[in-house]
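Asker: Before anything else, here's the structure in question.
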Amino acid sequence: MCERRESKTMPDADDPDRVARAALTRVIEPGDERGGRWLREFGAPELLARLAGPESGAVELTGATPRRLAALRARAREAAPSRDLAAIDEAGGRFICPGDQEWPTQLDDLGDARPLGLWVRGRPDLRAWALRSVAIVGARACTPYGAHMAAVLGSGLAERGWVVVSGAAFGVDGAAHRGALGADGATVAVLACGVDTVYPRGHAELIGRIAEQGLLVGELPPGDHPTPSRFILRNRVIAALTRGTVVIEAQYRSGSLVTARCAQRLGRHTMGIPGPATSGLSAGVHELLRGEGVLVTDVDEIVELVGEMGELAPARRGPVLPRDLLDALSTRVLEAVPARGAVDCARLARIAGTVPEETLGKLYGLHALGFVERHGDYWQLTDQAIRGSNARRGGS
């Protein structure tokens, strides 16, 4: 199981940049690249001042319509970062920013779509956990097969010391989290709402367990609510935070595929669990696998992709049958013996393409191994050989 530890240095709640970023999480929607560009150009305190101050200061914020700027300014005037920072502290959480020791630097790969900051609940260090994490995402209305695979992979990854990241939704997400928790492992839920807000309501107990045993992470300030667009934008954080994304059951139009495609753009591993070819719930996964996604079926195959060099999945092959151990000539002689009835050595030699003396020697060897039995000058297959035959089944 992954190590759990406190961040070595707690964020300074009086830092102007931190306070401004906390305020901006109420102003700029997650994933807004225009807002991210403004933040990069002006810095958090200056950007907040331009939005919350006189209207003339917002004129230089290029790329937004007057109506859009008016909406942002209205939000900025209502932002109360001190209240939000106090609320997250009361909930036992913290607000971390780029540059903090706990900030996962892989999120910087998102460029201007990078989170302004992250609201976090839970004791472990997010950066340490993210370095060895895998996302498991999939359908909310999943089948029993999808839920089973998510739980098995979640527990298996946790037992191997990997952190399971998902979105705490119904279906595959919840099963993956429960699998990790059931193995006393590490799991992170990336939410599309405030980390003190329970959504979906039916997962109140699960989200509470994750807050105690793992981490709740979100871009939205305390008390904020989810919207359909926020769920979609949340997925880019799941993709960027982890070393790879596994998709279990997803239709063609699925938020899980958004996560997978984002992971591909970021150069992360993208994997899919196949389902029945007739299942619409697996159609999106199969389309992913027809592209750049990698088919995986168990934890070993996932770790082979995301783990360190040399962490290879075991070789896969079917069972070794007694016939597999025969030399080539013995195999030819055995295959010459008909499934029904007996035949003499001379005829077997002609069918096998060898001489009678060689054929007779191989027949005695096959007799000793229990494949054939002798009746005078004739030979036939034993019942055991007929039951265990893998040679005559309509093909190779």
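Residue numbering restarts at 1 in every chain; chains get A, B, ... in the order shown in the structure tokens, and ligands count up from 1 in that same order.
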I'd like the neighbourhood of A:Arg160 as a PyMOL selection string, where a residue qualifies if any of its atoms comes within 12 Å (using only C-alpha atoms), though same-chain residues fewer than 4 positions away should be ignored.

Answerer: chain A and resi 1-2+132-134+153-156+164+180+183-186+299-300+302-304+307+311

Asker: Pick out the residues sitting within 12 Å of A:Leu85, and hand them over as a list in words; count only C-alpha atoms, and ignore anything fewer than 6 positions along from it in its own chain.

Answerer: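 Surrounding residues, per the criterion: Pro11, Asp12, Ala13, Asp14, Asp15, Arg18, Val19, Ala20, Arg21, Ala22, Ala23, Thr25, Ala79, Ala91, Gly92, Gly93, Arg94, Phe95, Ile96, Leu118, Trp119, Val120, Pro221, Pro222 and Gly223 of chain A.
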
Asker: Identify, on the basis of only C-alpha atoms, every residue whose closest approach to A:Ala283 does not exceed 7 Å; exclude the query and any residue fewer than 2 positions from it along the same chain; express the result as a count of residues only.

Answerer: 9

Asker: Could you write out, as a list of chain:residue names, all the residues of stretch 106-143 of chain A that DSSP marks as strand (DSSP E or B)?

Answerer: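 Here are the strand (DSSP E or B) residues of stretch 106-143 of chain A: A:Leu118, A:Trp119, A:Val120, A:Arg121, A:Ser133, A:Val134, A:Ala135, A:Ile136, A:Val137, A:Gly138.
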
Asker: Filtering to all heavy atoms, could you give me those residues as a PDB file, in the first residue's frame?

Answerer:
```
ATOM      1  N   LEU A 118      -6.086  23.782  -6.336  1.00  0.00           N
ATOM      2  CA  LEU A 118      -6.893  22.604  -6.009  1.00  0.00           C
ATOM      3  C   LEU A 118      -7.308  22.652  -4.541  1.00  0.00           C
ATOM      4  O   LEU A 118      -6.470  22.884  -3.660  1.00  0.00           O
ATOM      5  CB  LEU A 118      -6.110  21.318  -6.277  1.00  0.00           C
ATOM      6  CG  LEU A 118      -5.860  20.949  -7.742  1.00  0.00           C
ATOM      7  CD1 LEU A 118      -4.945  19.731  -7.821  1.00  0.00           C
ATOM      8  CD2 LEU A 118      -7.172  20.688  -8.477  1.00  0.00           C
ATOM      9  N   TRP A 119      -8.587  22.428  -4.310  1.00  0.00           N
ATOM     10  CA  TRP A 119      -9.101  22.274  -2.962  1.00  0.00           C
ATOM     11  C   TRP A 119      -9.010  20.795  -2.607  1.00  0.00           C
ATOM     12  O   TRP A 119      -9.447  19.939  -3.384  1.00  0.00           O
ATOM     13  CB  TRP A 119     -10.546  22.751  -2.892  1.00  0.00           C
ATOM     14  CG  TRP A 119     -10.715  24.186  -3.327  1.00  0.00           C
ATOM     15  CD1 TRP A 119     -10.911  24.631  -4.593  1.00  0.00           C
ATOM     16  CD2 TRP A 119     -10.670  25.344  -2.486  1.00  0.00           C
ATOM     17  NE1 TRP A 119     -10.991  26.004  -4.611  1.00  0.00           N
ATOM     18  CE2 TRP A 119     -10.856  26.473  -3.330  1.00  0.00           C
ATOM     19  CE3 TRP A 119     -10.502  25.551  -1.115  1.00  0.00           C
ATOM     20  CZ2 TRP A 119     -10.879  27.775  -2.847  1.00  0.00           C
ATOM     21  CZ3 TRP A 119     -10.528  26.847  -0.628  1.00  0.00           C
ATOM     22  CH2 TRP A 119     -10.706  27.939  -1.478  1.00  0.00           C
ATOM     23  N   VAL A 120      -8.434  20.475  -1.472  1.00  0.00           N
ATOM     24  CA  VAL A 120      -8.098  19.090  -1.133  1.00  0.00           C
ATOM     25  C   VAL A 120      -8.592  18.764   0.273  1.00  0.00           C
ATOM     26  O   VAL A 120      -8.422  19.561   1.203  1.00  0.00           O
ATOM     27  CB  VAL A 120      -6.563  18.860  -1.208  1.00  0.00           C
ATOM     28  CG1 VAL A 120      -6.220  17.414  -0.864  1.00  0.00           C
ATOM     29  CG2 VAL A 120      -6.031  19.229  -2.583  1.00  0.00           C
ATOM     30  N   ARG A 121      -9.220  17.588   0.423  1.00  0.00           N
ATOM     31  CA  ARG A 121      -9.547  17.045   1.744  1.00  0.00           C
ATOM     32  C   ARG A 121      -8.892  15.686   1.888  1.00  0.00           C
ATOM     33  O   ARG A 121      -8.935  14.860   0.978  1.00  0.00           O
ATOM     34  CB  ARG A 121     -11.058  16.884   1.915  1.00  0.00           C
ATOM     35  CG  ARG A 121     -11.805  18.143   2.295  1.00  0.00           C
ATOM     36  CD  ARG A 121     -13.281  17.841   2.448  1.00  0.00           C
ATOM     37  NE  ARG A 121     -13.549  16.914   3.556  1.00  0.00           N
ATOM     38  CZ  ARG A 121     -14.695  16.258   3.697  1.00  0.00           C
ATOM     39  NH1 ARG A 121     -15.653  16.371   2.791  1.00  0.00           N
ATOM     40  NH2 ARG A 121     -14.863  15.461   4.743  1.00  0.00           N
ATOM     41  N   SER A 133      -0.019   6.687  -9.778  1.00  0.00           N
ATOM     42  CA  SER A 133      -1.474   6.594  -9.818  1.00  0.00           C
ATOM     43  C   SER A 133      -1.971   6.174 -11.194  1.00  0.00           C
ATOM     44  O   SER A 133      -1.327   6.421 -12.213  1.00  0.00           O
ATOM     45  CB  SER A 133      -2.103   7.938  -9.424  1.00  0.00           C
ATOM     46  OG  SER A 133      -1.779   8.936 -10.372  1.00  0.00           O
ATOM     47  N   VAL A 134      -3.138   5.530 -11.191  1.00  0.00           N
ATOM     48  CA  VAL A 134      -3.806   5.086 -12.410  1.00  0.00           C
ATOM     49  C   VAL A 134      -5.275   5.475 -12.307  1.00  0.00           C
ATOM     50  O   VAL A 134      -5.898   5.296 -11.253  1.00  0.00           O
ATOM     51  CB  VAL A 134      -3.697   3.553 -12.592  1.00  0.00           C
ATOM     52  CG1 VAL A 134      -4.484   3.096 -13.815  1.00  0.00           C
ATOM     53  CG2 VAL A 134      -2.249   3.127 -12.730  1.00  0.00           C
ATOM     54  N   ALA A 135      -5.823   6.019 -13.397  1.00  0.00           N
ATOM     55  CA  ALA A 135      -7.239   6.371 -13.427  1.00  0.00           C
ATOM     56  C   ALA A 135      -8.061   5.194 -13.945  1.00  0.00           C
ATOM     57  O   ALA A 135      -7.667   4.530 -14.907  1.00  0.00           O
ATOM     58  CB  ALA A 135      -7.466   7.587 -14.317  1.00  0.00           C
ATOM     59  N   ILE A 136      -9.196   4.939 -13.311  1.00  0.00           N
ATOM     60  CA  ILE A 136     -10.168   3.956 -13.788  1.00  0.00           C
ATOM     61  C   ILE A 136     -11.489   4.692 -13.966  1.00  0.00           C
ATOM     62  O   ILE A 136     -12.038   5.224 -13.001  1.00  0.00           O
ATOM     63  CB  ILE A 136     -10.339   2.783 -12.808  1.00  0.00           C
ATOM     64  CG1 ILE A 136      -9.018   2.023 -12.639  1.00  0.00           C
ATOM     65  CG2 ILE A 136     -11.431   1.835 -13.298  1.00  0.00           C
ATOM     66  CD1 ILE A 136      -9.102   0.870 -11.636  1.00  0.00           C
ATOM     67  N   VAL A 137     -11.971   4.752 -15.184  1.00  0.00           N
ATOM     68  CA  VAL A 137     -13.204   5.483 -15.485  1.00  0.00           C
ATOM     69  C   VAL A 137     -14.105   4.607 -16.353  1.00  0.00           C
ATOM     70  O   VAL A 137     -13.649   3.637 -16.962  1.00  0.00           O
ATOM     71  CB  VAL A 137     -12.903   6.815 -16.199  1.00  0.00           C
ATOM     72  CG1 VAL A 137     -12.093   7.743 -15.307  1.00  0.00           C
ATOM     73  CG2 VAL A 137     -12.151   6.575 -17.513  1.00  0.00           C
ATOM     74  N   GLY A 138     -15.383   4.967 -16.414  1.00  0.00           N
ATOM     75  CA  GLY A 138     -16.302   4.184 -17.222  1.00  0.00           C
ATOM     76  C   GLY A 138     -17.734   4.605 -17.012  1.00  0.00           C
ATOM     77  O   GLY A 138     -18.028   5.655 -16.424  1.00  0.00           O
TER      78      GLY A 138
END
```

Asker: Could you check the closest approach to A:Cys262 for each of A:Leu157, A:Leu110, A:Ala151, A:Ala86 and tell me which residue wins, using only C-alpha atoms?

Answerer: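 Using only C-alpha atoms, the shortest distance to A:Cys262 belongs to A:Leu110.
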
Asker: Which one of A:Leu334, A:Ile351, A:Val237, A:Val172 sits closest to A:His367 if you count only C-alpha atoms?

Answerer: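 Ranking A:Leu334, A:Ile351, A:Val237, A:Val172 by distance to A:His367, first place goes to A:Leu334.
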
Asker: What lies within 12 Å of A:Ala71 using only C-alpha atoms, ignoring chain neighbours under 2 positions off, as a list in words?

Answerer: Arg26, Val27, Ile28, Glu29, Leu51, Ala52, Ala58, Ala64, Thr65, Pro66, Arg67, Arg68, Leu69, Arg73, Ala74, Arg75, Ala76, Arg77 and Glu78 of chain A

Asker: With N, CA and C atoms retained, export the selected residues as a PDB file, in the first residue's frame.

Answerer:
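Writing done, so here's out35.pdb:
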```pdb
ATOM      1  N   ARG A  26     -13.799  31.021  -7.837  1.00  0.00           N
ATOM      2  CA  ARG A  26     -15.224  31.359  -7.876  1.00  0.00           C
ATOM      3  C   ARG A  26     -15.563  32.223  -9.091  1.00  0.00           C
ATOM      4  N   VAL A  27     -14.555  32.660  -9.807  1.00  0.00           N
ATOM      5  CA  VAL A  27     -14.778  33.586 -10.918  1.00  0.00           C
ATOM      6  C   VAL A  27     -14.625  32.893 -12.268  1.00  0.00           C
ATOM      7  N   ILE A  28     -13.529  32.161 -12.442  1.00  0.00           N
ATOM      8  CA  ILE A  28     -13.190  31.534 -13.723  1.00  0.00           C
ATOM      9  C   ILE A  28     -13.542  30.057 -13.663  1.00  0.00           C
ATOM     10  N   GLU A  29     -14.261  29.580 -14.671  1.00  0.00           N
ATOM     11  CA  GLU A  29     -14.669  28.188 -14.716  1.00  0.00           C
ATOM     12  C   GLU A  29     -13.462  27.269 -14.938  1.00  0.00           C
ATOM     13  N   LEU A  51     -10.541  42.432 -12.474  1.00  0.00           N
ATOM     14  CA  LEU A  51     -11.922  41.959 -12.566  1.00  0.00           C
ATOM     15  C   LEU A  51     -12.816  42.554 -11.483  1.00  0.00           C
ATOM     16  N   ALA A  52     -12.255  42.763 -10.310  1.00  0.00           N
ATOM     17  CA  ALA A  52     -13.058  43.259  -9.191  1.00  0.00           C
ATOM     18  C   ALA A  52     -13.050  44.776  -9.083  1.00  0.00           C
ATOM     19  N   ALA A  58     -10.622  46.075 -16.732  1.00  0.00           N
ATOM     20  CA  ALA A  58     -10.933  44.828 -17.410  1.00  0.00           C
ATOM     21  C   ALA A  58     -10.871  44.949 -18.921  1.00  0.00           C
ATOM     22  N   ALA A  64     -12.504  38.308 -24.645  1.00  0.00           N
ATOM     23  CA  ALA A  64     -13.819  38.056 -24.056  1.00  0.00           C
ATOM     24  C   ALA A  64     -14.782  39.150 -24.487  1.00  0.00           C
ATOM     25  N   THR A  65     -16.032  38.777 -24.689  1.00  0.00           N
ATOM     26  CA  THR A  65     -17.059  39.743 -25.061  1.00  0.00           C
ATOM     27  C   THR A  65     -17.415  40.612 -23.855  1.00  0.00           C
ATOM     28  N   PRO A  66     -17.992  41.789 -24.093  1.00  0.00           N
ATOM     29  CA  PRO A  66     -18.409  42.634 -22.960  1.00  0.00           C
ATOM     30  C   PRO A  66     -19.361  41.904 -22.011  1.00  0.00           C
ATOM     31  N   ARG A  67     -20.266  41.087 -22.576  1.00  0.00           N
ATOM     32  CA  ARG A  67     -21.198  40.354 -21.715  1.00  0.00           C
ATOM     33  C   ARG A  67     -20.441  39.354 -20.844  1.00  0.00           C
ATOM     34  N   ARG A  68     -19.446  38.682 -21.433  1.00  0.00           N
ATOM     35  CA  ARG A  68     -18.656  37.707 -20.677  1.00  0.00           C
ATOM     36  C   ARG A  68     -17.875  38.404 -19.563  1.00  0.00           C
ATOM     37  N   LEU A  69     -17.265  39.539 -19.884  1.00  0.00           N
ATOM     38  CA  LEU A  69     -16.512  40.283 -18.866  1.00  0.00           C
ATOM     39  C   LEU A  69     -17.432  40.766 -17.747  1.00  0.00           C
ATOM     40  N   ARG A  73     -16.945  39.926 -13.875  1.00  0.00           N
ATOM     41  CA  ARG A  73     -16.806  41.009 -12.890  1.00  0.00           C
ATOM     42  C   ARG A  73     -17.832  40.861 -11.770  1.00  0.00           C
ATOM     43  N   ALA A  74     -19.040  40.416 -12.132  1.00  0.00           N
ATOM     44  CA  ALA A  74     -20.061  40.221 -11.103  1.00  0.00           C
ATOM     45  C   ALA A  74     -19.638  39.122 -10.141  1.00  0.00           C
ATOM     46  N   ARG A  75     -19.076  38.045 -10.681  1.00  0.00           N
ATOM     47  CA  ARG A  75     -18.572  36.977  -9.821  1.00  0.00           C
ATOM     48  C   ARG A  75     -17.434  37.470  -8.937  1.00  0.00           C
ATOM     49  N   ALA A  76     -16.516  38.240  -9.521  1.00  0.00           N
ATOM     50  CA  ALA A  76     -15.344  38.704  -8.769  1.00  0.00           C
ATOM     51  C   ALA A  76     -15.745  39.589  -7.601  1.00  0.00           C
ATOM     52  N   ARG A  77     -16.775  40.415  -7.797  1.00  0.00           N
ATOM     53  CA  ARG A  77     -17.206  41.306  -6.711  1.00  0.00           C
ATOM     54  C   ARG A  77     -17.818  40.522  -5.552  1.00  0.00           C
ATOM     55  N   GLU A  78     -18.366  39.335  -5.850  1.00  0.00           N
ATOM     56  CA  GLU A  78     -18.996  38.530  -4.796  1.00  0.00           C
ATOM     57  C   GLU A  78     -18.048  37.537  -4.138  1.00  0.00           C
TER      58      GLU A  78
END
```

Asker: Which residue gives the smallest distance to A:Leu39 among A:Ala130, A:Ala113, A:Leu72, A:Val165, with only C-alpha atoms counted?

Answerer: A:Ala113

Asker: Given only C-alpha atoms as the basis, pick out the residue of A:Ala139, A:Ala168, A:Val190, A:Leu266 nearest to A:Gly202.

Answerer: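 That would be A:Ala168, the residue with the smallest distance to A:Gly202.
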
Asker: For the structure I just gave you, how does DSSP split stretch 42-160 of chain A - specifically, which residues are helix (DSSP H, G or I)? Reply as a PyMOL selection string.

Answerer: chain A and resi 42+44-52+55-60+66-78+81-90+105-113+126-130+144-159

Asker: Using only C-alpha atoms for the distances, tell me which of A:Gly208, A:Pro54, A:Gly353, A:Gly171 is nearest to A:Arg140.

Answerer: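 Of A:Gly208, A:Pro54, A:Gly353, A:Gly171, the one nearest A:Arg140 is A:Gly171, counting only C-alpha atoms.
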
Asker: Fewer than 6 positions away in the same chain doesn't count, so skip those; otherwise give me all residues within 12 Å of A:Arg316, counting only C-alpha atoms, as a ChimeraX atom specification.

Answerer: /A:297-298,300-301

Asker: Please produce a file of those selected residues containing N, CA and C atoms, as a short mmCIF file (atom, residue, chain, number, x, y, z; two decimals), in the first residue's frame.

Answerer:
```cif
data_model
loop_
_atom_site.label_atom_id
_atom_site.label_comp_id
_atom_site.auth_asym_id
_atom_site.auth_seq_id
_atom_site.Cartn_x
_atom_site.Cartn_y
_atom_site.Cartn_z
N THR A 297 -6.46 -6.65 -19.76
CA THR A 297 -7.47 -7.51 -19.14
C THR A 297 -7.26 -7.70 -17.64
N ASP A 298 -6.11 -7.31 -17.12
CA ASP A 298 -5.88 -7.48 -15.68
C ASP A 298 -4.83 -6.49 -15.19
N ASP A 300 -1.79 -6.98 -14.03
CA ASP A 300 -0.43 -7.19 -14.53
C ASP A 300 -0.20 -6.46 -15.84
N GLU A 301 -1.18 -6.49 -16.72
CA GLU A 301 -1.03 -5.83 -18.01
C GLU A 301 -1.05 -4.32 -17.88
#
```

Asker: Please, what distance in Å, to one decimal, runs between atom CA of A:Arg230 and atom CA of A:Pro30?

Answerer: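 Answer for the atom CA of A:Arg230 to atom CA of A:Pro30 separation: 7.0 Å.
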
Asker: Would you kindly return, as a ChimeraX atom specification, each protein, DNA or RNA residue with an atom no farther than 12 Å from any atom of stretch 371-378 of chain A, considering only C-alpha atoms and excluding same-chain residues fewer than 6 positions away?

Answerer: /A:322-323,326,330-331,333-348,360,362-365,384-389

Asker: How about saving the chosen residues, C-alpha atoms kept, as a PDB file, in the first residue's frame?

Answerer:
```pdb
ATOM      1  CA  PRO A 322       0.103 -34.500 -23.468  1.00  0.00           C
ATOM      2  CA  ARG A 323       0.142 -34.395 -27.279  1.00  0.00           C
ATOM      3  CA  LEU A 326       5.390 -35.607 -28.486  1.00  0.00           C
ATOM      4  CA  SER A 330       5.197 -39.484 -33.089  1.00  0.00           C
ATOM      5  CA  THR A 331       2.610 -36.761 -33.641  1.00  0.00           C
ATOM      6  CA  VAL A 333       1.855 -41.369 -36.508  1.00  0.00           C
ATOM      7  CA  LEU A 334      -0.742 -40.601 -33.819  1.00  0.00           C
ATOM      8  CA  GLU A 335      -2.673 -38.339 -36.201  1.00  0.00           C
ATOM      9  CA  ALA A 336      -2.686 -41.178 -38.768  1.00  0.00           C
ATOM     10  CA  VAL A 337      -4.620 -43.455 -36.391  1.00  0.00           C
ATOM     11  CA  PRO A 338      -8.343 -43.101 -37.243  1.00  0.00           C
ATOM     12  CA  ALA A 339     -10.806 -41.858 -34.643  1.00  0.00           C
ATOM     13  CA  ARG A 340     -12.809 -45.092 -34.992  1.00  0.00           C
ATOM     14  CA  GLY A 341     -11.663 -48.606 -35.735  1.00  0.00           C
ATOM     15  CA  ALA A 342      -8.224 -50.201 -35.937  1.00  0.00           C
ATOM     16  CA  VAL A 343      -5.602 -50.185 -38.704  1.00  0.00           C
ATOM     17  CA  ASP A 344      -2.404 -52.127 -39.374  1.00  0.00           C
ATOM     18  CA  CYS A 345       1.127 -50.749 -39.161  1.00  0.00           C
ATOM     19  CA  ALA A 346       1.751 -50.754 -42.918  1.00  0.00           C
ATOM     20  CA  ARG A 347      -1.256 -48.540 -43.606  1.00  0.00           C
ATOM     21  CA  LEU A 348      -0.300 -46.158 -40.800  1.00  0.00           C
ATOM     22  CA  LEU A 360       6.156 -49.532 -35.300  1.00  0.00           C
ATOM     23  CA  LYS A 362       6.643 -44.879 -32.529  1.00  0.00           C
ATOM     24  CA  LEU A 363       3.503 -46.954 -31.951  1.00  0.00           C
ATOM     25  CA  TYR A 364       5.148 -48.793 -29.074  1.00  0.00           C
ATOM     26  CA  GLY A 365       6.138 -45.441 -27.581  1.00  0.00           C
ATOM     27  CA  GLN A 384      -8.319 -41.514 -23.176  1.00  0.00           C
ATOM     28  CA  ALA A 385      -6.733 -40.388 -26.435  1.00  0.00           C
ATOM     29  CA  ILE A 386     -10.131 -39.858 -28.070  1.00  0.00           C
ATOM     30  CA  ARG A 387     -11.447 -37.803 -25.121  1.00  0.00           C
ATOM     31  CA  GLY A 388      -8.306 -35.690 -24.917  1.00  0.00           C
ATOM     32  CA  SER A 389      -7.829 -35.181 -28.644  1.00  0.00           C
TER      33      SER A 389
END
```

Asker: Hey, can you check how far atom CA of A:Thr259 sits from atom CA of A:Ile238?

Answerer: 7.1 Å

Asker: Can you measure atom CA of A:Gly214 to atom CA of A:Arg123 for me? One decimal in Å is fine.

Answerer: 7.4 Å

Asker: Of the residues A:Ala128, A:Leu329, A:Ala87, A:Leu289, which is the one nearest to A:Asp224, using only C-alpha atoms?

Answerer: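 Once distances to A:Asp224 are computed over only C-alpha atoms, the minimum belongs to A:Ala87.
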